[in-house]
Amino acid sequence: MSLMQLLLGGFSGIIVGFILGLVGGGGSILAVPLLLYVVGVKDPHLAIGTASMAVAANALTGLSNHARKGNVKWRCGAVFAAAGVVGAAIGSFFGKSIDGQLLLVLFAALMLVVAALMLRSRNQQGDPDVILARANAPALIGAGTATGLLSGFFGIGGGFLVVPGLIAATGMPILFAVGTSLVAVSAFGLTTAVSYASSGLLSWPLAIAFAVGGFAGSWIGTHSAGKLAQRRGALNVTLAALIVLVAIYMLYRSASALGWI
């Protein structure tokens, strides 16, 4: 790993940290393509493993920022994360056996589906007083398990899946879903990173550089999220637009690598 790659990794971390703090999801969505196409990591699986560790570290930073602002529903986040950790471990086991470029194509297709779901809920206000209860616990467990499986399979923190999952399960507002999602993003990212590291598919120097760059970006993004939340549906539209743009680019690059176009 060259010095230039480490510097590019740190710069990429700033971008990812900002997005994580801003919309809760999008960390691994940007981290993986940045590591592949900007930093120059050749192996998609190595990029996925490294991104998982870096995004988990950045998510923890974003979580602390959102927690200080009171944007985290801890009990809801804990149930969601606990249900998904086992799923993430299982998903990562199967994800490592899939061709890296094909995995990116499937990942990009999933991103487009989630973007559509986010746009559908852009005008929902939510209930800021929602708490963990018998009525929403089954939905949290189900959504957490499903999200964990997908997060582990695709090697992502899963924030862009967790945010709509939390909204669907509890009806909480988007800003609370963003803050609470980081509980699960941290847990899923660490679970996936451990799995990939055990297979030698994680670059520690690059993960550290990426995470360090993400600390500053996360702080800026978290403060921007509070301002955007004052506009109806702004965070939903921002997240959906981000997902669509990156998905289209990843589809093009991966399809070209596979010889489909």
# chains A, B, ... in the order shown; residues from 1 in each chain; ligands from 1
$ residues_around --residues "Leu206 (chain A)" --least-positions-apart "3" --cutoff "8 Å" --atoms "only C-alpha atoms" --output "VMD selection string"
chain A and resid 1 5 to 6 9 50 203 209 to 210
$ residues_around --residues "region 247-261 of chain A" --least-positions-apart "5" --cutoff "12 Å" --atoms "only C-alpha atoms" --output "ChimeraX atom specification"
/A:26,28-34,36-37,42,44,99-115,240-242
$ write_last_selection --atoms "N, CA and C atoms" --output "compact mmCIF listing (two decimals), in the first residue's frame"
# COMPACT_ATOMS: atom_id res chain seq x y z
N GLY A 26 -25.12 5.13 3.51
CA GLY A 26 -24.27 5.63 2.44
C GLY A 26 -22.80 5.47 2.69
N SER A 28 -20.77 2.64 3.35
CA SER A 28 -20.17 1.61 2.50
C SER A 28 -20.55 1.78 1.04
N ILE A 29 -21.67 2.43 0.78
CA ILE A 29 -22.06 2.67 -0.60
C ILE A 29 -20.97 3.48 -1.28
N LEU A 30 -20.44 4.47 -0.59
CA LEU A 30 -19.35 5.27 -1.15
C LEU A 30 -17.99 4.66 -0.88
N ALA A 31 -17.82 4.01 0.25
CA ALA A 31 -16.50 3.51 0.63
C ALA A 31 -15.97 2.49 -0.37
N VAL A 32 -16.80 1.53 -0.74
CA VAL A 32 -16.33 0.47 -1.64
C VAL A 32 -15.92 1.01 -3.01
N PRO A 33 -16.78 1.79 -3.70
CA PRO A 33 -16.33 2.33 -5.00
C PRO A 33 -15.16 3.29 -4.89
N LEU A 34 -15.07 4.05 -3.81
CA LEU A 34 -13.91 4.94 -3.63
C LEU A 34 -12.63 4.13 -3.49
N LEU A 36 -12.09 1.16 -4.66
CA LEU A 36 -11.81 0.48 -5.93
C LEU A 36 -11.33 1.44 -7.01
N TYR A 37 -12.04 2.57 -7.19
CA TYR A 37 -11.83 3.42 -8.35
C TYR A 37 -10.98 4.65 -8.09
N LYS A 42 -7.44 -3.40 -5.99
CA LYS A 42 -7.77 -4.25 -7.13
C LYS A 42 -8.83 -5.30 -6.83
N PRO A 44 -12.17 -6.61 -5.21
CA PRO A 44 -13.40 -6.13 -4.60
C PRO A 44 -13.62 -6.66 -3.19
N ASP A 99 -18.26 -14.20 -6.84
CA ASP A 99 -17.33 -13.38 -7.62
C ASP A 99 -17.49 -11.91 -7.25
N GLY A 100 -16.37 -11.22 -7.04
CA GLY A 100 -16.40 -9.85 -6.54
C GLY A 100 -17.17 -8.89 -7.43
N GLN A 101 -16.96 -8.95 -8.74
CA GLN A 101 -17.65 -8.03 -9.64
C GLN A 101 -19.14 -8.33 -9.70
N LEU A 102 -19.51 -9.60 -9.69
CA LEU A 102 -20.93 -9.96 -9.68
C LEU A 102 -21.59 -9.48 -8.39
N LEU A 103 -20.85 -9.56 -7.29
CA LEU A 103 -21.36 -9.08 -6.01
C LEU A 103 -21.67 -7.59 -6.08
N LEU A 104 -20.81 -6.82 -6.76
CA LEU A 104 -21.03 -5.39 -6.90
C LEU A 104 -22.25 -5.08 -7.78
N VAL A 105 -22.47 -5.90 -8.80
CA VAL A 105 -23.64 -5.71 -9.65
C VAL A 105 -24.92 -5.93 -8.84
N LEU A 106 -24.96 -7.01 -8.07
CA LEU A 106 -26.12 -7.30 -7.23
C LEU A 106 -26.33 -6.20 -6.19
N PHE A 107 -25.23 -5.72 -5.65
CA PHE A 107 -25.26 -4.65 -4.66
C PHE A 107 -25.89 -3.40 -5.26
N ALA A 108 -25.45 -3.02 -6.47
CA ALA A 108 -25.97 -1.82 -7.13
C ALA A 108 -27.46 -1.95 -7.43
N ALA A 109 -27.89 -3.14 -7.85
CA ALA A 109 -29.30 -3.37 -8.13
C ALA A 109 -30.14 -3.19 -6.85
N LEU A 110 -29.63 -3.71 -5.74
CA LEU A 110 -30.34 -3.55 -4.46
C LEU A 110 -30.43 -2.08 -4.08
N MET A 111 -29.38 -1.32 -4.35
CA MET A 111 -29.36 0.10 -4.02
C MET A 111 -30.49 0.85 -4.73
N LEU A 112 -30.76 0.49 -5.98
CA LEU A 112 -31.81 1.16 -6.74
C LEU A 112 -33.19 0.88 -6.13
N VAL A 113 -33.39 -0.35 -5.66
CA VAL A 113 -34.65 -0.71 -5.02
C VAL A 113 -34.85 0.10 -3.74
N VAL A 114 -33.79 0.19 -2.94
CA VAL A 114 -33.89 0.93 -1.68
C VAL A 114 -34.11 2.42 -1.94
N ALA A 115 -33.49 2.97 -2.99
CA ALA A 115 -33.69 4.38 -3.32
C ALA A 115 -35.16 4.67 -3.60
N ALA A 240 -31.68 9.05 -1.22
CA ALA A 240 -32.10 8.36 -2.44
C ALA A 240 -31.26 8.80 -3.64
N ALA A 241 -31.00 10.10 -3.76
CA ALA A 241 -30.19 10.60 -4.87
C ALA A 241 -28.78 10.05 -4.83
N LEU A 242 -28.20 9.99 -3.64
CA LEU A 242 -26.87 9.44 -3.46
C LEU A 242 -26.81 7.98 -3.91
$ atom_distance --atom1 "CA of Phe176 (chain A)" --atom2 "CA of Val79 (chain A)"
15.3 Å
$ closest_atom_pairs --of "region 159-185 of chain A" --to "region 135-140 of chain A" --cutoff "8 Å" --atoms "only C-alpha atoms" --output "CSV"
residue,atom,partner,partner_atom,distance
A:Gly165,CA,A:Leu140,CA,7.8
A:Leu166,CA,A:Leu140,CA,7.0
A:Ala169,CA,A:Ala139,CA,5.1
A:Thr170,CA,A:Asn136,CA,5.9
$ residues_around --residues "region 61-64 of chain A" --least-positions-apart "6" --cutoff "8 Å" --atoms "only C-alpha atoms" --output "VMD selection string"
chain A and resid 17 20 to 21 72 179 to 180 182 to 183 215 218 to 219 222
$ residues_around --residues "Ser151 (chain A)" --least-positions-apart "6" --cutoff "9 Å" --atoms "only C-alpha atoms" --output "list in words"
Gly84, Gly87, Ala88, Gly91, Ser92, Gly157, Gly158, Gly159, Leu161, Val185, Phe188, Gly189 and Thr192 of chain A
$ write_last_selection --atoms "C-alpha atoms" --output "compact mmCIF listing (two decimals), in the first residue's frame"
# COMPACT_ATOMS: atom_id res chain seq x y z
CA GLY A 84 -28.96 -8.48 12.70
CA GLY A 87 -27.52 -12.51 10.10
CA ALA A 88 -24.47 -10.41 9.18
CA GLY A 91 -24.37 -13.31 5.10
CA SER A 92 -20.66 -12.49 5.05
CA GLY A 157 -22.51 -1.36 7.15
CA GLY A 158 -26.08 -1.34 5.89
CA GLY A 159 -27.17 2.10 7.01
CA LEU A 161 -31.09 -0.44 4.61
CA VAL A 185 -24.21 0.09 11.25
CA PHE A 188 -22.91 -4.97 11.31
CA GLY A 189 -19.70 -3.38 10.06
CA THR A 192 -18.49 -8.28 8.62
$ atom_distance --atom1 "CA of Leu46 (chain A)" --atom2 "CA of Leu201 (chain A)"
4.5 Å
$ select_by_dssp --residues "region 6-250 of chain A" --states "alpha helix (DSSP H)" --output "number ranges by chain"
A: 6-23, 27-34, 44-68, 74-95, 100-120, 137-154, 159-170, 174-197, 204-228, 234-250
